[in-house]
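Visitor: First the structure, which I've put down as structure tokens, then a few questions once you've had a look.
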Amino acid sequence: MSHGQRKPVPHGLSDLRAAGDVDTRPGAFDPSAGRGVPTWLAATLNYCSRCGTALRLGPLPAEDRDRLACAACGYIAYVNPRLVVTTLPVNEAGEVFLLRRGIEPGRGLWAQPGGFMEIDETVHEGAIRETLEETGLVVEPGEVVGLYTRPEAAIVVIAFVARIVGGAPVVTPEALEVRPFAPEAIPWPEIAFRTSEWALRDWVRRVRPDLASDDR
Ligand SMILES: [Zn+2]
């Protein structure tokens, strides 16, 4: 849980970040400094959602940082990360199911099932729902493998180890292939996201410490 924070943001294809994910313009969000609203997200926050007046960024009483606020009605547009709920579904052989992504970002590469938590569900419900939608597997989430912060994407990813209790792998437009991997057979160069790699490495460290490396 100590990693995934304040790491340098790599550039290039291996990073697989969609355009706009990291903004390098002067004044834009600086992940190494860990401050500010990502520019792509700020670009979606132009008007007060309560009254429609243009929002202004600036200091406010009792706030420790500049906020987007509406001068007309006083509404403050707080900007907070969203939670991505994911699972590492593990079968009785101790293999983890991954899916080959059918959509961007990371199309053609491997990731664990997951997605944005809905507003009216618990993290467990979200993890179960996303896993079923993306893989066809019915899981029972267990321990949390880790929580991973990606400030430049405004997300926090939670990864549960999950026991498979039903269902069967299905291929969908979102998942071109769904299959299990033994800890020693995880296709590291083809993992779609850094957060997936972090979660898988933390899981491998638990189940096969002899295979663990700090190569991340
Ligand atoms: Zn307003």
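To be explicit about the labels: the chains of the structure tokens are called A, B, and onward in the order shown, and within each one the residues are counted from 1, while ligands get numbers from 1 in the order they are shown.
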Quick one: DSSP helix (DSSP H, G or I) residues in chain A, as a PyMOL selection string?
Guide: chain A and resi 13-15+39-42+123-135+151-153+183-185+188-190+194-207+209-211
Visitor: Grab the residues selected above and save them as a tab-separated table (two decimals), in the first residue's frame with N, CA and C atoms.
Guide:
```
chain	number	residue	atom	x	y	z
A	13	LEU	N	4.73	4.50	-25.27
A	13	LEU	CA	3.68	3.51	-25.50
A	13	LEU	C	3.52	2.55	-24.35
A	14	SER	N	4.61	2.22	-23.69
A	14	SER	CA	4.52	1.23	-22.63
A	14	SER	C	3.65	1.73	-21.49
A	15	ASP	N	3.50	3.03	-21.43
A	15	ASP	CA	2.70	3.58	-20.35
A	15	ASP	C	1.21	3.51	-20.64
A	39	THR	N	-5.49	18.68	-15.64
A	39	THR	CA	-6.02	19.66	-16.60
A	39	THR	C	-7.21	19.11	-17.38
A	40	TRP	N	-7.16	17.83	-17.76
A	40	TRP	CA	-8.27	17.25	-18.52
A	40	TRP	C	-9.56	17.27	-17.70
A	41	LEU	N	-9.40	17.15	-16.37
A	41	LEU	CA	-10.59	17.15	-15.52
A	41	LEU	C	-11.07	18.58	-15.29
A	42	ALA	N	-10.12	19.50	-15.09
A	42	ALA	CA	-10.51	20.90	-14.91
A	42	ALA	C	-11.26	21.42	-16.13
A	123	VAL	N	-18.49	-1.24	-2.16
A	123	VAL	CA	-17.30	-1.64	-2.93
A	123	VAL	C	-17.37	-3.12	-3.29
A	124	HIS	N	-17.89	-3.95	-2.37
A	124	HIS	CA	-18.01	-5.37	-2.68
A	124	HIS	C	-18.99	-5.61	-3.81
A	125	GLU	N	-20.14	-4.93	-3.73
A	125	GLU	CA	-21.13	-5.10	-4.80
A	125	GLU	C	-20.56	-4.66	-6.14
A	126	GLY	N	-19.84	-3.55	-6.13
A	126	GLY	CA	-19.25	-3.06	-7.36
A	126	GLY	C	-18.23	-4.04	-7.93
A	127	ALA	N	-17.41	-4.58	-7.05
A	127	ALA	CA	-16.38	-5.52	-7.49
A	127	ALA	C	-17.02	-6.79	-8.07
A	128	ILE	N	-18.07	-7.27	-7.43
A	128	ILE	CA	-18.77	-8.46	-7.91
A	128	ILE	C	-19.43	-8.16	-9.26
A	129	ARG	N	-20.09	-7.03	-9.36
A	129	ARG	CA	-20.79	-6.66	-10.59
A	129	ARG	C	-19.83	-6.52	-11.77
A	130	GLU	N	-18.76	-5.78	-11.56
A	130	GLU	CA	-17.82	-5.56	-12.66
A	130	GLU	C	-17.16	-6.88	-13.10
A	131	THR	N	-16.85	-7.72	-12.14
A	131	THR	CA	-16.21	-8.99	-12.47
A	131	THR	C	-17.15	-9.87	-13.29
A	132	LEU	N	-18.42	-9.90	-12.90
A	132	LEU	CA	-19.40	-10.68	-13.65
A	132	LEU	C	-19.59	-10.11	-15.05
A	133	GLU	N	-19.72	-8.79	-15.14
A	133	GLU	CA	-19.94	-8.15	-16.44
A	133	GLU	C	-18.79	-8.42	-17.40
A	134	GLU	N	-17.58	-8.35	-16.87
A	134	GLU	CA	-16.42	-8.39	-17.77
A	134	GLU	C	-15.87	-9.80	-18.01
A	135	THR	N	-16.17	-10.74	-17.11
A	135	THR	CA	-15.57	-12.07	-17.27
A	135	THR	C	-16.58	-13.21	-17.25
A	151	PRO	N	-3.03	9.94	-9.36
A	151	PRO	CA	-3.58	11.29	-9.32
A	151	PRO	C	-3.80	11.90	-10.69
A	152	GLU	N	-2.95	11.55	-11.65
A	152	GLU	CA	-3.08	12.16	-12.97
A	152	GLU	C	-4.34	11.68	-13.68
A	153	ALA	N	-4.89	10.55	-13.25
A	153	ALA	CA	-6.14	10.05	-13.82
A	153	ALA	C	-7.31	10.28	-12.86
A	183	PRO	N	0.87	-17.82	-11.18
A	183	PRO	CA	1.69	-16.66	-10.77
A	183	PRO	C	2.98	-16.51	-11.58
A	184	GLU	N	3.55	-17.65	-11.96
A	184	GLU	CA	4.81	-17.55	-12.71
A	184	GLU	C	4.59	-17.30	-14.19
A	185	ALA	N	3.33	-17.28	-14.62
A	185	ALA	CA	3.05	-17.14	-16.06
A	185	ALA	C	2.34	-15.83	-16.40
A	188	TRP	N	3.73	-10.15	-17.95
A	188	TRP	CA	4.08	-8.80	-17.46
A	188	TRP	C	4.22	-7.76	-18.56
A	189	PRO	N	4.88	-8.06	-19.67
A	189	PRO	CA	5.02	-7.00	-20.69
A	189	PRO	C	3.69	-6.62	-21.35
A	190	GLU	N	2.66	-7.45	-21.15
A	190	GLU	CA	1.38	-7.18	-21.81
A	190	GLU	C	0.29	-6.78	-20.81
A	194	ARG	N	-0.52	0.36	-15.13
A	194	ARG	CA	0.42	0.29	-14.01
A	194	ARG	C	-0.28	-0.19	-12.75
A	195	THR	N	-1.53	0.24	-12.54
A	195	THR	CA	-2.24	-0.20	-11.34
A	195	THR	C	-2.47	-1.71	-11.38
A	196	SER	N	-2.70	-2.27	-12.57
A	196	SER	CA	-2.85	-3.73	-12.68
A	196	SER	C	-1.54	-4.42	-12.34
A	197	GLU	N	-0.47	-3.85	-12.84
A	197	GLU	CA	0.83	-4.45	-12.56
A	197	GLU	C	1.13	-4.39	-11.06
A	198	TRP	N	0.83	-3.26	-10.44
A	198	TRP	CA	1.09	-3.14	-9.00
A	198	TRP	C	0.26	-4.17	-8.23
A	199	ALA	N	-1.01	-4.31	-8.59
A	199	ALA	CA	-1.88	-5.25	-7.87
A	199	ALA	C	-1.40	-6.68	-8.06
A	200	LEU	N	-1.04	-7.02	-9.30
A	200	LEU	CA	-0.58	-8.38	-9.57
A	200	LEU	C	0.73	-8.67	-8.85
A	201	ARG	N	1.61	-7.69	-8.82
A	201	ARG	CA	2.88	-7.92	-8.12
A	201	ARG	C	2.65	-8.08	-6.62
A	202	ASP	N	1.72	-7.32	-6.09
A	202	ASP	CA	1.42	-7.47	-4.66
A	202	ASP	C	0.79	-8.84	-4.38
A	203	TRP	N	-0.04	-9.31	-5.31
A	203	TRP	CA	-0.65	-10.63	-5.14
A	203	TRP	C	0.43	-11.72	-5.24
A	204	VAL	N	1.31	-11.63	-6.23
A	204	VAL	CA	2.38	-12.62	-6.39
A	204	VAL	C	3.27	-12.64	-5.14
A	205	ARG	N	3.50	-11.46	-4.60
A	205	ARG	CA	4.34	-11.39	-3.39
A	205	ARG	C	3.70	-12.18	-2.25
A	206	ARG	N	2.36	-12.20	-2.22
A	206	ARG	CA	1.66	-12.95	-1.17
A	206	ARG	C	1.69	-14.45	-1.42
A	207	VAL	N	1.41	-14.85	-2.66
A	207	VAL	CA	1.23	-16.27	-2.92
A	207	VAL	C	2.51	-16.98	-3.34
A	209	PRO	N	6.15	-15.67	-2.84
A	209	PRO	CA	7.20	-14.69	-2.53
A	209	PRO	C	8.51	-14.98	-3.24
A	210	ASP	N	8.71	-16.26	-3.60
A	210	ASP	CA	9.96	-16.61	-4.30
A	210	ASP	C	10.02	-15.98	-5.69
A	211	LEU	N	8.84	-15.61	-6.23
A	211	LEU	CA	8.82	-15.01	-7.57
A	211	LEU	C	8.84	-13.50	-7.54
```
Visitor: Near A:Cys48, within 8 Å and counting only C-alpha atoms, which residues show up once chain neighbours fewer than 6 positions away are dropped, as an mmCIF file with N, CA and C atoms, in the first residue's frame?
Guide:
```cif
data_model
loop_
_atom_site.group_PDB
_atom_site.id
_atom_site.type_symbol
_atom_site.label_atom_id
_atom_site.label_comp_id
_atom_site.auth_asym_id
_atom_site.auth_seq_id
_atom_site.Cartn_x
_atom_site.Cartn_y
_atom_site.Cartn_z
ATOM 1 N N ALA A 54 -20.329 30.920 -14.587
ATOM 2 C CA ALA A 54 -18.956 30.435 -14.781
ATOM 3 C C ALA A 54 -18.256 30.270 -13.427
ATOM 4 N N LEU A 55 -17.549 29.159 -13.275
ATOM 5 C CA LEU A 55 -16.794 28.911 -12.051
ATOM 6 C C LEU A 55 -15.473 29.667 -12.096
ATOM 7 N N ALA A 69 -15.152 27.799 -7.531
ATOM 8 C CA ALA A 69 -16.364 28.212 -6.825
ATOM 9 C C ALA A 69 -17.203 29.140 -7.693
ATOM 10 N N CYS A 70 -18.482 29.205 -7.333
ATOM 11 C CA CYS A 70 -19.438 30.038 -8.048
ATOM 12 C C CYS A 70 -19.674 31.313 -7.226
ATOM 13 N N TYR A 75 -21.753 27.984 -4.556
ATOM 14 C CA TYR A 75 -21.453 26.563 -4.722
ATOM 15 C C TYR A 75 -19.948 26.360 -4.933
ATOM 16 N N ALA A 77 -17.218 23.678 -6.304
ATOM 17 C CA ALA A 77 -17.091 22.452 -7.093
ATOM 18 C C ALA A 77 -15.852 21.690 -6.610
#
```
Visitor: Enumerate as a list in words the residues within 7 Å of ligand 1, counting only C-alpha atoms and all ligand atoms.
Guide: Cys48, Ser49, Arg50, Cys51, Gly52, Thr53, Cys70, Ala71, Ala72, Cys73, Gly74 and Tyr75 of chain A
Visitor: How would the residues just picked look written out with all heavy atoms as a JSON list (two decimals), in the first residue's frame?
Guide:
```json
[["chain", "number", "residue", "atom", "x", "y", "z"],
["A", 48, "CYS", "N", -21.06, 26.42, -12.97],
["A", 48, "CYS", "CA", -21.69, 25.97, -11.74],
["A", 48, "CYS", "C", -22.81, 24.98, -12.09],
["A", 48, "CYS", "O", -23.69, 25.28, -12.90],
["A", 48, "CYS", "CB", -22.27, 27.17, -10.99],
["A", 48, "CYS", "SG", -23.19, 26.70, -9.52],
["A", 49, "SER", "N", -22.77, 23.82, -11.48],
["A", 49, "SER", "CA", -23.79, 22.81, -11.80],
["A", 49, "SER", "C", -25.11, 23.14, -11.11],
["A", 49, "SER", "O", -26.13, 22.52, -11.40],
["A", 49, "SER", "CB", -23.30, 21.42, -11.40],
["A", 49, "SER", "OG", -23.04, 21.38, -10.01],
["A", 50, "ARG", "N", -25.09, 24.11, -10.21],
["A", 50, "ARG", "CA", -26.34, 24.50, -9.55],
["A", 50, "ARG", "C", -27.04, 25.64, -10.29],
["A", 50, "ARG", "O", -28.25, 25.59, -10.49],
["A", 50, "ARG", "CB", -26.04, 24.91, -8.10],
["A", 50, "ARG", "CG", -27.28, 25.22, -7.29],
["A", 50, "ARG", "CD", -26.90, 25.88, -5.96],
["A", 50, "ARG", "NE", -26.43, 24.94, -4.98],
["A", 50, "ARG", "CZ", -25.72, 25.28, -3.89],
["A", 50, "ARG", "NH1", -25.39, 26.55, -3.69],
["A", 50, "ARG", "NH2", -25.33, 24.38, -3.04],
["A", 51, "CYS", "N", -26.26, 26.65, -10.73],
["A", 51, "CYS", "CA", -26.93, 27.82, -11.33],
["A", 51, "CYS", "C", -26.41, 28.21, -12.71],
["A", 51, "CYS", "O", -26.98, 29.08, -13.35],
["A", 51, "CYS", "CB", -26.85, 29.02, -10.38],
["A", 51, "CYS", "SG", -25.25, 29.86, -10.39],
["A", 52, "GLY", "N", -25.34, 27.59, -13.16],
["A", 52, "GLY", "CA", -24.89, 27.82, -14.52],
["A", 52, "GLY", "C", -23.91, 28.98, -14.70],
["A", 52, "GLY", "O", -23.43, 29.21, -15.80],
["A", 53, "THR", "N", -23.58, 29.67, -13.64],
["A", 53, "THR", "CA", -22.60, 30.75, -13.72],
["A", 53, "THR", "C", -21.20, 30.17, -13.91],
["A", 53, "THR", "O", -20.93, 29.06, -13.45],
["A", 53, "THR", "CB", -22.64, 31.59, -12.41],
["A", 53, "THR", "OG1", -23.96, 32.09, -12.22],
["A", 53, "THR", "CG2", -21.65, 32.74, -12.45],
["A", 70, "CYS", "N", -18.48, 29.21, -7.33],
["A", 70, "CYS", "CA", -19.44, 30.04, -8.05],
["A", 70, "CYS", "C", -19.67, 31.31, -7.23],
["A", 70, "CYS", "O", -20.14, 31.24, -6.08],
["A", 70, "CYS", "CB", -20.74, 29.28, -8.24],
["A", 70, "CYS", "SG", -22.05, 30.30, -8.95],
["A", 71, "ALA", "N", -19.37, 32.46, -7.85],
["A", 71, "ALA", "CA", -19.54, 33.73, -7.14],
["A", 71, "ALA", "C", -21.01, 34.09, -6.98],
["A", 71, "ALA", "O", -21.38, 34.87, -6.11],
["A", 71, "ALA", "CB", -18.78, 34.83, -7.88],
["A", 72, "ALA", "N", -21.86, 33.53, -7.83],
["A", 72, "ALA", "CA", -23.28, 33.90, -7.81],
["A", 72, "ALA", "C", -24.03, 33.21, -6.67],
["A", 72, "ALA", "O", -24.82, 33.83, -5.96],
["A", 72, "ALA", "CB", -23.93, 33.57, -9.15],
["A", 73, "CYS", "N", -23.79, 31.89, -6.51],
["A", 73, "CYS", "CA", -24.60, 31.17, -5.52],
["A", 73, "CYS", "C", -23.78, 30.54, -4.40],
["A", 73, "CYS", "O", -24.32, 29.98, -3.46],
["A", 73, "CYS", "CB", -25.45, 30.09, -6.20],
["A", 73, "CYS", "SG", -24.53, 28.61, -6.67],
["A", 74, "GLY", "N", -22.45, 30.62, -4.51],
["A", 74, "GLY", "CA", -21.61, 30.12, -3.43],
["A", 74, "GLY", "C", -21.27, 28.64, -3.52],
["A", 74, "GLY", "O", -20.54, 28.11, -2.68],
["A", 75, "TYR", "N", -21.75, 27.98, -4.56],
["A", 75, "TYR", "CA", -21.45, 26.56, -4.72],
["A", 75, "TYR", "C", -19.95, 26.36, -4.93],
["A", 75, "TYR", "O", -19.31, 27.13, -5.65],
["A", 75, "TYR", "CB", -22.23, 26.01, -5.93],
["A", 75, "TYR", "CG", -21.97, 24.57, -6.23],
["A", 75, "TYR", "CD1", -22.57, 23.56, -5.48],
["A", 75, "TYR", "CD2", -21.12, 24.20, -7.28],
["A", 75, "TYR", "CE1", -22.34, 22.23, -5.77],
["A", 75, "TYR", "CE2", -20.88, 22.87, -7.57],
["A", 75, "TYR", "CZ", -21.50, 21.88, -6.81],
["A", 75, "TYR", "OH", -21.27, 20.57, -7.10]]
```
Visitor: For the atom pair atom CA of A:Leu83 and atom CA of A:Val178, what is the interatomic distance in Å to one decimal place?
Guide: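 Result for atom CA of A:Leu83 versus atom CA of A:Val178: 23.6 Å, one decimal.
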Visitor: Between atom CA of A:Leu109 and atom CA of A:Thr172, what is the distance in Å, rounded to a tenth?
Guide: 14.6 Å
Visitor: When distances are computed from only C-alpha atoms, which of A:Val144, A:Ala93, A:Ile103, A:Val85 shows the smallest separation from A:Thr122?
Guide: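 Result for the nearest residue to A:Thr122: A:Val85.
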Visitor: Please compute the atom CA of A:Ala154-atom CA of A:Pro59 distance, one decimal, in Å.
Guide: 21.5 Å
Visitor: Select, from A:Ala175, A:Ala182, A:Val84, A:Tyr148, the residue with the minimum atom-to-atom distance to A:Glu118, counting only C-alpha atoms.
Guide: A:Val84
Visitor: Tell me which of A:Tyr78, A:Phe181, A:Tyr47, A:Phe193 sits closest to A:Val96, counting only C-alpha atoms.
Guide: A:Phe181
Visitor: List the neighbours of A:Glu92 out to 12 Å using only C-alpha atoms; skip same-chain residues closer than 4 positions along the sequence, and give me the result as a list in words.
Guide: Val96, Phe97, Ala162, Arg163, Ile164, Val165, Pro180 and Ala182 of chain A
Visitor: Which residues come within 9 Å of A:Leu176, counting only C-alpha atoms, excluding same-chain residues fewer than 3 positions away, as a list of chain:residue names?
Guide: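 The neighbour list is A:Leu99, A:Arg100, A:Arg101, A:Gly102, A:Gly108, A:Val170, A:Val171, A:Thr172, A:Pro173.
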Visitor: List every residue of stretch 157-212 of chain A that DSSP, applied to the backbone, labels as strand (DSSP E), and write the result as a PyMOL selection string.
Guide: chain A and resi 157-167+175-181
